[in-house]
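Novice: First the structure, which I've put down as structure tokens, then a few questions once you've had a look.
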Amino acid sequence: MGQRWLVRVASHRRHGGGHVARCAVLASALADAGADVVVQLDPDAPEAVAILARHGLRSTEDAVTGPIQGVVLDGYELMGTEAATLARRAPLVVIDDFLDPPGCATLAINGAVHLDGDRIGDLPALLGPRYALVDPCYAALPSRDRTARVVNILVTMGRIDPDNLTSACLDLLDAVGFDARITVVASAEMVRRAGLDTRVRQPHSLVIDAPDMVPLLGETDFVVGAGGVSLMERMAAGIPSMTFSLIDNQRMFVAGAAGLGATVDGGDSVGPECAGLLREILADGQARAAMAAAARQAVDGRGAARVASHLIGLAAETRDPDRHTMQGLEA
């Protein structure tokens, strides 16, 4: 009988959508590796239920009972009491964005592009973009000629966008004056808060709570967007971008991606220098092509499969301490 894994993820509307996105990808990879996977969500999370259902995954709001061989935990508010409780049931694997995993963890995962190595302090860890939890569908998008003129620009600042960077980026594009079709992706809450439904008019378009970003990115020439998981997705897709840090833990990640040449770092807000940076990159096809190539080289879309292989080996070692496997460090 296959291993049984519990994936516990923060999925309330107050949380960013990246937690559910990366856990869905990892849970799918675990299932592909032969595990029986159940995902436990916060109460009242219909968007998360729909995302998991598209991946063919089971989810529940109730505590998961019965034996389990491993737990994956993702959510800043879950790293205290809930982490300790789950760690008593099975090896606890945490997806950690702050390099500060709980002491009860067995393994940490952080796929940020600026990281490398196999430990956080004394804790074993899978660090760096080889372990980026990105849907392989992004990496499977066909390569495009990024030297060609930019026709379609995507603006996406995530589900929450607490500082209304979406509107600020639309102001930025107005200031740059570049002739392109703009698609804005935002949550229903953000649309109401910022009045985007009245601002975004033809020939531009507004997509509310996009169920799947893959086809949207497949039609996009350039992205103005947030850091975090969405940056990894567009890197895997090979799409040049300008990226803003919405929260503290994204700063080093975005700076690291920019250091690789995989994006333009817009900073924490739309400052006066952003118009010049954006105008320059939109006019330079060779620079955009180099950015797309660097992005795809860093994030190849196979990170979830590498992590899942390692987790299967970890649980097997727990069952049989004499069995040693490094499956997750191959390929």
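By convention here, the chains of the structure tokens are called A, B, ... in the order presented, each chain's residues are numbered starting at 1, and ligands are numbered starting at 1 in the order presented.
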Please build the interface table for range 176-249 of chain A against range 91-103 of chain A with a cut-off of 12 Å, listing for each qualifying residue the nearest atom pair and the distance in Å to one decimal; count only C-alpha atoms, order rows by chain and increasing number, and write it as CSV.
Specialist:
```
residue,atom,partner,partner_atom,distance
A:Gly228,CA,A:Asp97,CA,9.4
A:Val229,CA,A:Asp97,CA,10.9
A:Ile247,CA,A:Asp97,CA,11.1
A:Asp248,CA,A:Phe98,CA,9.4
A:Asn249,CA,A:Phe98,CA,6.4
```
Novice: Identify, on the basis of only C-alpha atoms, every residue whose closest approach to Arg288 in chain A does not exceed 12 Å; exclude the query and any residue fewer than 2 positions from it along the same chain; express the result as a PyMOL selection string.
Specialist: chain A and resi 144-150+221-223+238-242+261-264+278+280-286+290-295
Novice: Find, counting only C-alpha atoms, the residue in A:Met252, A:Val176, A:Ala226, A:Cys104 that gets nearest to Cys274 in chain A.
Specialist: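 When distances to Cys274 in chain A are compared using only C-alpha atoms, the smallest one comes from A:Val176.
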Novice: Smallest atom-to-atom distance to Ala45 in chain A: which of A:His12, A:Arg4, A:Arg319, A:Arg296, using only C-alpha atoms?
Specialist: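 So, comparing all the options, the nearest one is A:His12.
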Novice: Fewer than 4 positions away in the same chain doesn't count, so skip those; otherwise give me all residues within 8 Å of Ala255 in chain A, counting only C-alpha atoms, as a PDB file with C-alpha atoms, in the first residue's frame.
Specialist:
```
ATOM      1  CA  HIS A 114      18.703  33.258  -4.422  1.00  0.00           C
ATOM      2  CA  ARG A 251      12.541  41.260  -1.324  1.00  0.00           C
ATOM      3  CA  GLY A 259      20.582  39.259 -10.136  1.00  0.00           C
ATOM      4  CA  ASP A 265      13.338  44.548  -9.796  1.00  0.00           C
TER       5      ASP A 265
END
```
Novice: Would you mind listing what lies within 10 Å of Met232 in chain A as a PyMOL selection string, with only C-alpha atoms counted and same-chain residues fewer than 5 positions away left out?
Specialist: chain A and resi 111-113+129+132-135+138+227+237-238+253-254+257+262+295-296+298-301
Novice: Give the answer as one residue: which of A:Ala33, A:Leu107, A:Leu52, A:Val7 has the shortest atom-to-atom distance to Val72 in chain A, using only C-alpha atoms?
Specialist: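 Closest candidate: A:Val7.
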Novice: Just list as a ChimeraX atom specification whatever in range 82-328 of chain A DSSP marks as helix (DSSP H, G or I).
Specialist: /A:82-87,129-131,136-139,165-176,188-194,196-199,214-218,229-237,248-259,274-283,285-298,303-319,327-328
Novice: Quick one: residues within 12 Å of Arg88 in chain A, only C-alpha atoms counted, chain neighbours fewer than 5 positions away excluded, as an MDAnalysis selection string?
Specialist: chainID A and resid 67:71 81:83 104:106
Novice: Using only C-alpha atoms, find the one residue out of A:Gly66, A:Gly256, A:Gly267, A:Pro203 that sits nearest to Gly128 in chain A.
Specialist: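 The closest residue to Gly128 in chain A is A:Gly256.
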Novice: Run DSSP on the backbone of this structure and report the residues of range 113-155 of chain A it assigns to strand (DSSP E), as a list in words.
Specialist: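 Of range 113-155 of chain A, the ones in strand (DSSP E) are Arg119, Ile120, Leu123, Pro124, Ala125, Leu126, Leu127, Asn152, Ile153, Leu154 and Val155 of chain A.
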Novice: Please produce a file of the residues just selected, as a PDB file, in the first residue's frame, where the atoms kept are N, CA and C atoms.
Specialist:
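File written: out_5.pdb
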```
ATOM      1  N   ARG A 119      20.819  22.747   4.161  1.00  0.00           N
ATOM      2  CA  ARG A 119      20.500  22.878   5.584  1.00  0.00           C
ATOM      3  C   ARG A 119      20.089  24.314   5.906  1.00  0.00           C
ATOM      4  N   ILE A 120      19.202  24.427   6.900  1.00  0.00           N
ATOM      5  CA  ILE A 120      18.924  25.695   7.573  1.00  0.00           C
ATOM      6  C   ILE A 120      19.336  25.477   9.017  1.00  0.00           C
ATOM      7  N   LEU A 123      18.907  21.866  10.468  1.00  0.00           N
ATOM      8  CA  LEU A 123      17.772  21.174   9.866  1.00  0.00           C
ATOM      9  C   LEU A 123      18.041  20.871   8.393  1.00  0.00           C
ATOM     10  N   PRO A 124      17.882  19.620   7.963  1.00  0.00           N
ATOM     11  CA  PRO A 124      17.990  19.325   6.529  1.00  0.00           C
ATOM     12  C   PRO A 124      16.979  20.148   5.731  1.00  0.00           C
ATOM     13  N   ALA A 125      17.399  20.574   4.552  1.00  0.00           N
ATOM     14  CA  ALA A 125      16.545  21.445   3.751  1.00  0.00           C
ATOM     15  C   ALA A 125      16.810  21.234   2.266  1.00  0.00           C
ATOM     16  N   LEU A 126      15.792  21.485   1.473  1.00  0.00           N
ATOM     17  CA  LEU A 126      15.893  21.527   0.015  1.00  0.00           C
ATOM     18  C   LEU A 126      15.773  22.992  -0.379  1.00  0.00           C
ATOM     19  N   LEU A 127      16.878  23.592  -0.786  1.00  0.00           N
ATOM     20  CA  LEU A 127      16.929  25.032  -1.001  1.00  0.00           C
ATOM     21  C   LEU A 127      17.285  25.359  -2.446  1.00  0.00           C
ATOM     22  N   ASN A 152       1.116  42.204 -25.868  1.00  0.00           N
ATOM     23  CA  ASN A 152       0.242  41.878 -24.734  1.00  0.00           C
ATOM     24  C   ASN A 152       1.017  41.972 -23.426  1.00  0.00           C
ATOM     25  N   ILE A 153       0.537  42.819 -22.520  1.00  0.00           N
ATOM     26  CA  ILE A 153       1.131  42.988 -21.196  1.00  0.00           C
ATOM     27  C   ILE A 153       0.133  42.506 -20.150  1.00  0.00           C
ATOM     28  N   LEU A 154       0.618  41.688 -19.217  1.00  0.00           N
ATOM     29  CA  LEU A 154      -0.214  41.178 -18.132  1.00  0.00           C
ATOM     30  C   LEU A 154       0.168  41.874 -16.835  1.00  0.00           C
ATOM     31  N   VAL A 155      -0.818  42.362 -16.103  1.00  0.00           N
ATOM     32  CA  VAL A 155      -0.602  42.967 -14.785  1.00  0.00           C
ATOM     33  C   VAL A 155      -1.263  42.061 -13.755  1.00  0.00           C
TER      34      VAL A 155
END
```
